[in-house]
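Right, one structure below, let's go through it.
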Amino acid sequence: MAVSKKIKGFMQQGSWIRRMFEEGIALKQQYGEENVSDLSLGNPVVEPPRRFFEELKKVAENPASGAHRYMPNAGYVETRAAVAAPLAEETGLPFTSDHVLMTCGAGGALNVILKTLLDPGDEVIIFAPYFVEYVYYADNHGGVCKVVATDERFYPDAEGLEAAIGPASRVVLINSPNNPTGAVYDAEAVGELAEVIRLKQEEYGTEIFLVSDEPYRKILFDGAEYPHVFHHHPNSIVATSHSKDLSLAGERIGYVAINPGCPDQAELMNGLTFCNRTLGFVNAPALMQHLVSRLQTETVDAAHYQSQRDFLYNGLTEIGYSVVRPQGAFYMFPKAPIEDDAAFVDALRRHRVLVVPGRGFGTPGYFRVAYSVDDRTLERSLDGFRAAWEEAVRRR
């Protein structure tokens with residue numbers, strides 16, 4: 001057997017997105033790409049800001065000596081300082097380069113954080129629906145995920161968190177704007193979670209970290225504001241990337257930011273830097289570090305994704321779907337019109353629309369739509385959504 005039993009089991013459990021991707025390839029070969037609406041993969045459709053290409057050209061035409069050599073494992077000091085500056089301005093907290101670690105995307109950031117914090121058997125509390133990789137990231141470092149439900153808005157349930165936290169709980173991991181729902185947690189919701197964590201730390205005499213996964217932080221709709229976790233819990237850490245706000249998903253550039261108010265910040269940064277090296281990431285890509293240090297005030301136009309959100313939300317609700325209106329990111333999580341979400345996703349596939357069943361995110365009965373696609377693909381999808389809905393209604 002070439003693959004361990006454990007990994008084979010994980011592959012079977014967490015392969016929904018891969019399966020839909022493969023289904024998409026087959027459908028496009030059969031019917032032509034222009035006749036298939038593939039809404040299964042959250043791949044940014046907006047191109048990077050113009051300034052990215054301008055700065056890339058400058059770096060290429062005026063290379064600095066030693067720009068591609070080894071660097072400190074935490075990343076270039078000037079890049080980390082460039083990241084820290086807007087964080088300090090936004091939060092009013094004294095962020096410096098000493099609070100930032102450059103990483104290989106948000107996935108790399110989360111693995112570095114969990115490797116640093118977890119002992120074998122420690123619990124990572126996550127909220128369903130969740131990004132499926134969280135389960136595997138925790139397992140990578142000996143942790144165990146404990147899942148807590150969300151409410152009807154897909155907001156974290158503070159009472160559920162209180163019941164879930166025990167003496168082995170080490171991390172509470174949140175994701176806002178959320179994948180797969182597009183929910184954006186407000187300051188009140190984050191504050192409630194932080195208060196539960198504080199009380200449970202006192203009860204058990206333990207240290208619990210609030211980790212915020214926020215690569216969609218700058219993709220907000222309807223004038224929404226983002227409440228930084230740093231204001232709510234001293235042991236708070238952010239993992240993020242420029243995959244979405246600069247549309248650089250393929251470049252794998254992100255960072256970890258720790259709360260300047262963290263009591264053990266120096267030890268924590270040393271641990272993060274050590275794990276960045278020993279996990280094999282070593283450091284974030286040099287070229288991208290040089291570039292993003294010049295782009296911290298840039299972002300893609302979120303209005304494009306808001307327009308896509310509005311079109312799809314209006315179209316689906318007009319058909320009859322029950323949908324919580326997303327506040328950010330570029331995902332929607334409608335309720336399936338039948339109990340079996342996988343069966344309904346298969347019905348959509350027969351109408352050449354590809355989405356991912358909610359069970360792939362720990363929440364059966366729903367399905368995820370990624371609307372980060374071109375306008376024609378989104379417009380074409382409504383015919384398939386309508387046909388699948390009408391079939392489901394007739395069979396009730």
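Labels used: A, B, ... for chains in the order of the structure tokens, numbers from 1 for residues in each chain, and numbers from 1 for ligands as shown.
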
For His68 (chain A), list every protein, DNA or RNA residue within 10 Å, evaluated using only C-alpha atoms, and leave out those in the same chain fewer than 3 positions away; present the list as a PyMOL selection string. chain A and resi 63-65+71+285-287+290

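Close contacts of Phe131 (chain A), defined as residues with an atom at most 10 Å away when counting only C-alpha atoms, with chain neighbours fewer than 6 positions off set aside, comprise A:Asn175, A:Asn178, A:Asn179, A:Pro180, A:Gly360, A:Phe361, A:Gly362.
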
Using only C-alpha atoms, tabulate the residues of region 281-331 of chain A lying at most 6 Å from any atom of region 220-230 of chain A, each with its closest atom pair and that distance in Å to one decimal, by chain and increasing residue number, as JSON lines.
```
{"residue": "A:Gln306", "atom": "CA", "partner": "A:Phe221", "partner_atom": "CA", "distance": 5.9}
{"residue": "A:Gln327", "atom": "CA", "partner": "A:Phe221", "partner_atom": "CA", "distance": 5.4}
{"residue": "A:Gly328", "atom": "CA", "partner": "A:Leu220", "partner_atom": "CA", "distance": 4.3}
```

Once you count only C-alpha atoms, what closest atom pair and distance in Å to one decimal does each residue of region 273-339 of chain A within 12 Å of region 236-259 of chain A have, with rows by chain and rising residue number, as JSON lines?
```
{"residue": "A:Thr273", "atom": "CA", "partner": "A:Val256", "partner_atom": "CA", "distance": 10.1}
{"residue": "A:Asn276", "atom": "CA", "partner": "A:Val256", "partner_atom": "CA", "distance": 10.5}
{"residue": "A:Phe281", "atom": "CA", "partner": "A:Arg252", "partner_atom": "CA", "distance": 10.8}
{"residue": "A:Asn283", "atom": "CA", "partner": "A:Ile253", "partner_atom": "CA", "distance": 10.0}
{"residue": "A:Ala284", "atom": "CA", "partner": "A:Ile253", "partner_atom": "CA", "distance": 6.3}
{"residue": "A:Pro285", "atom": "CA", "partner": "A:Ile253", "partner_atom": "CA", "distance": 7.0}
{"residue": "A:Ala286", "atom": "CA", "partner": "A:Ile253", "partner_atom": "CA", "distance": 9.6}
{"residue": "A:Leu287", "atom": "CA", "partner": "A:Glu251", "partner_atom": "CA", "distance": 9.6}
{"residue": "A:Met288", "atom": "CA", "partner": "A:Ile253", "partner_atom": "CA", "distance": 6.6}
{"residue": "A:Gln289", "atom": "CA", "partner": "A:Ile253", "partner_atom": "CA", "distance": 7.5}
{"residue": "A:His290", "atom": "CA", "partner": "A:Ile253", "partner_atom": "CA", "distance": 10.9}
{"residue": "A:Leu291", "atom": "CA", "partner": "A:Ile253", "partner_atom": "CA", "distance": 10.2}
{"residue": "A:Val292", "atom": "CA", "partner": "A:His242", "partner_atom": "CA", "distance": 8.3}
{"residue": "A:Ser293", "atom": "CA", "partner": "A:Ile253", "partner_atom": "CA", "distance": 11.2}
{"residue": "A:Arg294", "atom": "CA", "partner": "A:Leu246", "partner_atom": "CA", "distance": 12.0}
{"residue": "A:Leu295", "atom": "CA", "partner": "A:Leu246", "partner_atom": "CA", "distance": 8.6}
{"residue": "A:Gln296", "atom": "CA", "partner": "A:Leu246", "partner_atom": "CA", "distance": 9.4}
{"residue": "A:Thr297", "atom": "CA", "partner": "A:Leu246", "partner_atom": "CA", "distance": 10.3}
{"residue": "A:Glu298", "atom": "CA", "partner": "A:Leu246", "partner_atom": "CA", "distance": 7.3}
{"residue": "A:Thr299", "atom": "CA", "partner": "A:Asp245", "partner_atom": "CA", "distance": 5.1}
{"residue": "A:Val300", "atom": "CA", "partner": "A:Asp245", "partner_atom": "CA", "distance": 5.6}
{"residue": "A:Asp301", "atom": "CA", "partner": "A:Asp245", "partner_atom": "CA", "distance": 8.6}
{"residue": "A:Ala302", "atom": "CA", "partner": "A:Asp245", "partner_atom": "CA", "distance": 8.5}
{"residue": "A:Tyr305", "atom": "CA", "partner": "A:Lys244", "partner_atom": "CA", "distance": 11.1}
{"residue": "A:Gly328", "atom": "CA", "partner": "A:Lys244", "partner_atom": "CA", "distance": 11.5}
{"residue": "A:Ala329", "atom": "CA", "partner": "A:Lys244", "partner_atom": "CA", "distance": 8.5}
{"residue": "A:Phe330", "atom": "CA", "partner": "A:Lys244", "partner_atom": "CA", "distance": 9.6}
```

Those selected residues, please, written with N, CA and C atoms and delivered as an mmCIF file, in the first residue's frame.
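Final file, selection30.cif:
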```cif
data_model
loop_
_atom_site.group_PDB
_atom_site.id
_atom_site.type_symbol
_atom_site.label_atom_id
_atom_site.label_comp_id
_atom_site.auth_asym_id
_atom_site.auth_seq_id
_atom_site.Cartn_x
_atom_site.Cartn_y
_atom_site.Cartn_z
ATOM 1 N N THR A 273 9.124 31.483 14.388
ATOM 2 C CA THR A 273 10.251 31.536 13.443
ATOM 3 C C THR A 273 10.942 30.183 13.339
ATOM 4 N N ASN A 276 8.657 27.890 11.346
ATOM 5 C CA ASN A 276 8.668 28.269 9.931
ATOM 6 C C ASN A 276 9.824 27.586 9.218
ATOM 7 N N PHE A 281 9.114 25.364 5.329
ATOM 8 C CA PHE A 281 8.806 26.589 4.594
ATOM 9 C C PHE A 281 10.055 27.466 4.503
ATOM 10 N N ASN A 283 11.354 30.234 4.667
ATOM 11 C CA ASN A 283 10.927 31.635 4.633
ATOM 12 C C ASN A 283 9.986 31.821 3.451
ATOM 13 N N ALA A 284 9.253 32.911 3.466
ATOM 14 C CA ALA A 284 8.367 33.226 2.348
ATOM 15 C C ALA A 284 9.200 33.634 1.134
ATOM 16 N N PRO A 285 8.673 33.485 -0.081
ATOM 17 C CA PRO A 285 9.433 33.778 -1.304
ATOM 18 C C PRO A 285 9.990 35.204 -1.310
ATOM 19 N N ALA A 286 11.252 35.311 -1.650
ATOM 20 C CA ALA A 286 11.958 36.595 -1.580
ATOM 21 C C ALA A 286 11.338 37.639 -2.500
ATOM 22 N N LEU A 287 11.086 37.267 -3.752
ATOM 23 C CA LEU A 287 10.574 38.242 -4.713
ATOM 24 C C LEU A 287 9.239 38.816 -4.244
ATOM 25 N N MET A 288 8.351 37.955 -3.766
ATOM 26 C CA MET A 288 7.052 38.429 -3.312
ATOM 27 C C MET A 288 7.178 39.301 -2.068
ATOM 28 N N GLN A 289 8.138 38.999 -1.207
ATOM 29 C CA GLN A 289 8.346 39.867 -0.046
ATOM 30 C C GLN A 289 8.760 41.265 -0.484
ATOM 31 N N HIS A 290 9.670 41.341 -1.462
ATOM 32 C CA HIS A 290 10.081 42.649 -1.969
ATOM 33 C C HIS A 290 8.875 43.414 -2.517
ATOM 34 N N LEU A 291 7.970 42.703 -3.184
ATOM 35 C CA LEU A 291 6.843 43.365 -3.828
ATOM 36 C C LEU A 291 5.757 43.784 -2.843
ATOM 37 N N VAL A 292 5.335 42.861 -1.976
ATOM 38 C CA VAL A 292 4.203 43.207 -1.102
ATOM 39 C C VAL A 292 4.574 44.272 -0.087
ATOM 40 N N SER A 293 5.866 44.446 0.174
ATOM 41 C CA SER A 293 6.262 45.529 1.073
ATOM 42 C C SER A 293 5.882 46.884 0.493
ATOM 43 N N ARG A 294 5.700 46.952 -0.824
ATOM 44 C CA ARG A 294 5.339 48.198 -1.498
ATOM 45 C C ARG A 294 3.837 48.302 -1.769
ATOM 46 N N LEU A 295 3.081 47.267 -1.381
ATOM 47 C CA LEU A 295 1.675 47.181 -1.796
ATOM 48 C C LEU A 295 0.699 47.069 -0.637
ATOM 49 N N GLN A 296 1.114 47.415 0.566
ATOM 50 C CA GLN A 296 0.259 47.214 1.735
ATOM 51 C C GLN A 296 -0.983 48.112 1.745
ATOM 52 N N THR A 297 -0.949 49.178 0.965
ATOM 53 C CA THR A 297 -2.132 50.037 0.889
ATOM 54 C C THR A 297 -2.986 49.736 -0.339
ATOM 55 N N GLU A 298 -2.601 48.723 -1.103
ATOM 56 C CA GLU A 298 -3.336 48.344 -2.318
ATOM 57 C C GLU A 298 -4.280 47.185 -2.024
ATOM 58 N N THR A 299 -5.330 47.094 -2.806
ATOM 59 C CA THR A 299 -6.226 45.936 -2.748
ATOM 60 C C THR A 299 -7.025 45.883 -4.041
ATOM 61 N N VAL A 300 -7.552 44.723 -4.342
ATOM 62 C CA VAL A 300 -8.422 44.597 -5.510
ATOM 63 C C VAL A 300 -9.726 45.341 -5.244
ATOM 64 N N ASP A 301 -10.480 45.558 -6.284
ATOM 65 C CA ASP A 301 -11.756 46.262 -6.160
ATOM 66 C C ASP A 301 -12.828 45.290 -5.669
ATOM 67 N N ALA A 302 -13.183 45.398 -4.392
ATOM 68 C CA ALA A 302 -14.192 44.499 -3.813
ATOM 69 C C ALA A 302 -15.565 44.734 -4.428
ATOM 70 N N TYR A 305 -16.722 41.903 -6.708
ATOM 71 C CA TYR A 305 -17.277 40.733 -6.034
ATOM 72 C C TYR A 305 -18.638 41.047 -5.426
ATOM 73 N N GLY A 328 -19.068 39.314 2.823
ATOM 74 C CA GLY A 328 -17.696 39.446 2.355
ATOM 75 C C GLY A 328 -17.237 38.173 1.667
ATOM 76 N N ALA A 329 -15.938 38.147 1.297
ATOM 77 C CA ALA A 329 -15.340 37.028 0.554
ATOM 78 C C ALA A 329 -16.028 36.873 -0.794
ATOM 79 N N PHE A 330 -15.991 35.666 -1.384
ATOM 80 C CA PHE A 330 -16.722 35.452 -2.643
ATOM 81 C C PHE A 330 -17.352 34.068 -2.685
#
```

Just the residues within 8 Å of Arg325 (chain A), please, counting only C-alpha atoms, with nothing from its chain fewer than 6 positions along; format it as a list of chain:residue names. A:Gly182, A:Tyr313, A:Met332

Neighbours of Ala163 (chain A) within 10 Å (only C-alpha atoms; same-chain residues fewer than 2 positions away dropped), as number ranges by chain? A: 148, 158-161, 165-166, 196, 200

Could the residues in this selection be written to a file with N, CA and C atoms, as a short mmCIF file (atom, residue, chain, number, x, y, z; two decimals), in the first residue's frame?
```
data_model
loop_
_atom_site.label_atom_id
_atom_site.label_comp_id
_atom_site.auth_asym_id
_atom_site.auth_seq_id
_atom_site.Cartn_x
_atom_site.Cartn_y
_atom_site.Cartn_z
N VAL A 148 -17.87 23.18 16.76
CA VAL A 148 -19.00 23.87 17.39
C VAL A 148 -19.89 24.42 16.29
N ALA A 158 -21.53 31.41 21.03
CA ALA A 158 -20.73 31.58 22.24
C ALA A 158 -21.07 30.52 23.30
N GLU A 159 -22.36 30.18 23.42
CA GLU A 159 -22.75 29.15 24.39
C GLU A 159 -22.19 27.79 24.00
N GLY A 160 -22.20 27.51 22.70
CA GLY A 160 -21.60 26.27 22.23
C GLY A 160 -20.11 26.22 22.49
N LEU A 161 -19.45 27.37 22.33
CA LEU A 161 -18.02 27.44 22.63
C LEU A 161 -17.76 27.19 24.10
N ILE A 165 -15.18 24.13 25.33
CA ILE A 165 -13.85 24.36 25.88
C ILE A 165 -13.64 23.51 27.13
N GLY A 166 -12.52 22.80 27.14
CA GLY A 166 -12.15 21.99 28.28
C GLY A 166 -10.69 22.22 28.64
N VAL A 196 -15.75 34.40 26.61
CA VAL A 196 -15.82 32.97 26.96
C VAL A 196 -14.42 32.41 27.16
N LYS A 200 -12.90 30.79 30.64
CA LYS A 200 -12.44 29.40 30.65
C LYS A 200 -10.96 29.30 31.01
#
```

Residues of region 124-217 of chain A within 10 Å of region 1-13 of chain A: nearest atom pair and distance (Å, one decimal) for each, counting only C-alpha atoms, sorted by chain and number, as a tab-separated table?
```
residue	atom	partner	partner_atom	distance
A:Val132	CA	A:Gln13	CA	9.3
A:Val135	CA	A:Phe10	CA	9.3
A:Tyr136	CA	A:Phe10	CA	7.9
```

As a VMD selection string, please: the residues near His141 (chain A) (cut-off 10 Å, only C-alpha atoms, same-chain neighbours under 2 positions excluded). chain A and resid 111 to 122 136 to 139 143 to 144

Mind writing the picked residues with N, CA and C atoms as a PDB file, in the first residue's frame?
```
ATOM      1  N   ASN A 111      -0.255  26.473   9.711  1.00  0.00           N
ATOM      2  CA  ASN A 111       0.544  25.324  10.121  1.00  0.00           C
ATOM      3  C   ASN A 111       1.683  25.732  11.045  1.00  0.00           C
ATOM      4  N   VAL A 112       2.295  26.871  10.782  1.00  0.00           N
ATOM      5  CA  VAL A 112       3.349  27.370  11.658  1.00  0.00           C
ATOM      6  C   VAL A 112       2.781  27.688  13.038  1.00  0.00           C
ATOM      7  N   ILE A 113       1.624  28.334  13.079  1.00  0.00           N
ATOM      8  CA  ILE A 113       0.996  28.688  14.352  1.00  0.00           C
ATOM      9  C   ILE A 113       0.660  27.428  15.158  1.00  0.00           C
ATOM     10  N   LEU A 114       0.010  26.460  14.512  1.00  0.00           N
ATOM     11  CA  LEU A 114      -0.411  25.259  15.234  1.00  0.00           C
ATOM     12  C   LEU A 114       0.783  24.422  15.675  1.00  0.00           C
ATOM     13  N   LYS A 115       1.811  24.358  14.858  1.00  0.00           N
ATOM     14  CA  LYS A 115       3.032  23.643  15.247  1.00  0.00           C
ATOM     15  C   LYS A 115       3.644  24.285  16.485  1.00  0.00           C
ATOM     16  N   THR A 116       3.596  25.594  16.539  1.00  0.00           N
ATOM     17  CA  THR A 116       4.188  26.327  17.656  1.00  0.00           C
ATOM     18  C   THR A 116       3.396  26.145  18.944  1.00  0.00           C
ATOM     19  N   LEU A 117       2.073  26.097  18.843  1.00  0.00           N
ATOM     20  CA  LEU A 117       1.222  26.128  20.031  1.00  0.00           C
ATOM     21  C   LEU A 117       0.830  24.767  20.589  1.00  0.00           C
ATOM     22  N   LEU A 118       0.722  23.743  19.729  1.00  0.00           N
ATOM     23  CA  LEU A 118       0.080  22.499  20.150  1.00  0.00           C
ATOM     24  C   LEU A 118       1.043  21.470  20.720  1.00  0.00           C
ATOM     25  N   ASP A 119       0.607  20.841  21.794  1.00  0.00           N
ATOM     26  CA  ASP A 119       1.187  19.593  22.261  1.00  0.00           C
ATOM     27  C   ASP A 119       0.252  18.469  21.833  1.00  0.00           C
ATOM     28  N   PRO A 120       0.754  17.219  21.749  1.00  0.00           N
ATOM     29  CA  PRO A 120      -0.108  16.110  21.335  1.00  0.00           C
ATOM     30  C   PRO A 120      -1.379  16.023  22.185  1.00  0.00           C
ATOM     31  N   GLY A 121      -2.521  15.942  21.483  1.00  0.00           N
ATOM     32  CA  GLY A 121      -3.797  15.829  22.158  1.00  0.00           C
ATOM     33  C   GLY A 121      -4.476  17.151  22.453  1.00  0.00           C
ATOM     34  N   ASP A 122      -3.787  18.256  22.231  1.00  0.00           N
ATOM     35  CA  ASP A 122      -4.417  19.563  22.441  1.00  0.00           C
ATOM     36  C   ASP A 122      -5.570  19.763  21.455  1.00  0.00           C
ATOM     37  N   TYR A 136      -7.063  18.816   8.998  1.00  0.00           N
ATOM     38  CA  TYR A 136      -5.782  18.207   8.655  1.00  0.00           C
ATOM     39  C   TYR A 136      -4.617  19.028   9.181  1.00  0.00           C
ATOM     40  N   TYR A 137      -4.752  20.336   9.191  1.00  0.00           N
ATOM     41  CA  TYR A 137      -3.697  21.174   9.767  1.00  0.00           C
ATOM     42  C   TYR A 137      -3.501  20.835  11.239  1.00  0.00           C
ATOM     43  N   ALA A 138      -4.600  20.711  11.983  1.00  0.00           N
ATOM     44  CA  ALA A 138      -4.483  20.367  13.403  1.00  0.00           C
ATOM     45  C   ALA A 138      -3.833  19.002  13.570  1.00  0.00           C
ATOM     46  N   ASP A 139      -4.270  18.035  12.775  1.00  0.00           N
ATOM     47  CA  ASP A 139      -3.705  16.690  12.858  1.00  0.00           C
ATOM     48  C   ASP A 139      -2.221  16.681  12.528  1.00  0.00           C
ATOM     49  N   GLY A 143      -2.732  17.816  17.041  1.00  0.00           N
ATOM     50  CA  GLY A 143      -3.947  18.370  17.625  1.00  0.00           C
ATOM     51  C   GLY A 143      -5.195  17.631  17.197  1.00  0.00           C
ATOM     52  N   VAL A 144      -6.290  17.931  17.873  1.00  0.00           N
ATOM     53  CA  VAL A 144      -7.593  17.340  17.582  1.00  0.00           C
ATOM     54  C   VAL A 144      -8.609  18.464  17.459  1.00  0.00           C
TER      55      VAL A 144
END
```

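Checking A:Arg395, A:His99, A:Lys218, A:Lys146 one by one against Ser176 (chain A), counting only C-alpha atoms, you find the shortest gap at A:Lys218.
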
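The space between CA of Val45 (chain A) and CA of Thr150 (chain A) spans 29.0 Å.
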
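CA of Asn235 (chain A) is found 15.5 Å from CA of Thr91 (chain A).
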
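The interatomic distance for the pair CA of Glu23 (chain A) and CA of Glu214 (chain A) works out to 29.2 Å.
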
Apply DSSP to the backbone of this structure and, from region 57-198 of chain A, keep only the residues in helix (DSSP H, G or I); write these as a PyMOL selection string. chain A and resi 57-61+77-91+97-99+105-117+133-140+158-164+187-198

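Restricting the calculation to only C-alpha atoms, the smallest distance between Ala387 (chain A) and any of A:Tyr366, A:Phe344, A:Tyr185, A:Phe209 is found for A:Phe344.
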
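Around Val355 (chain A), within 7 Å and counting only C-alpha atoms, the residues found are Leu39, Ser40, Val345, Phe367, Arg368 and Val369 of chain A, once anything fewer than 6 positions away on its own chain is removed.
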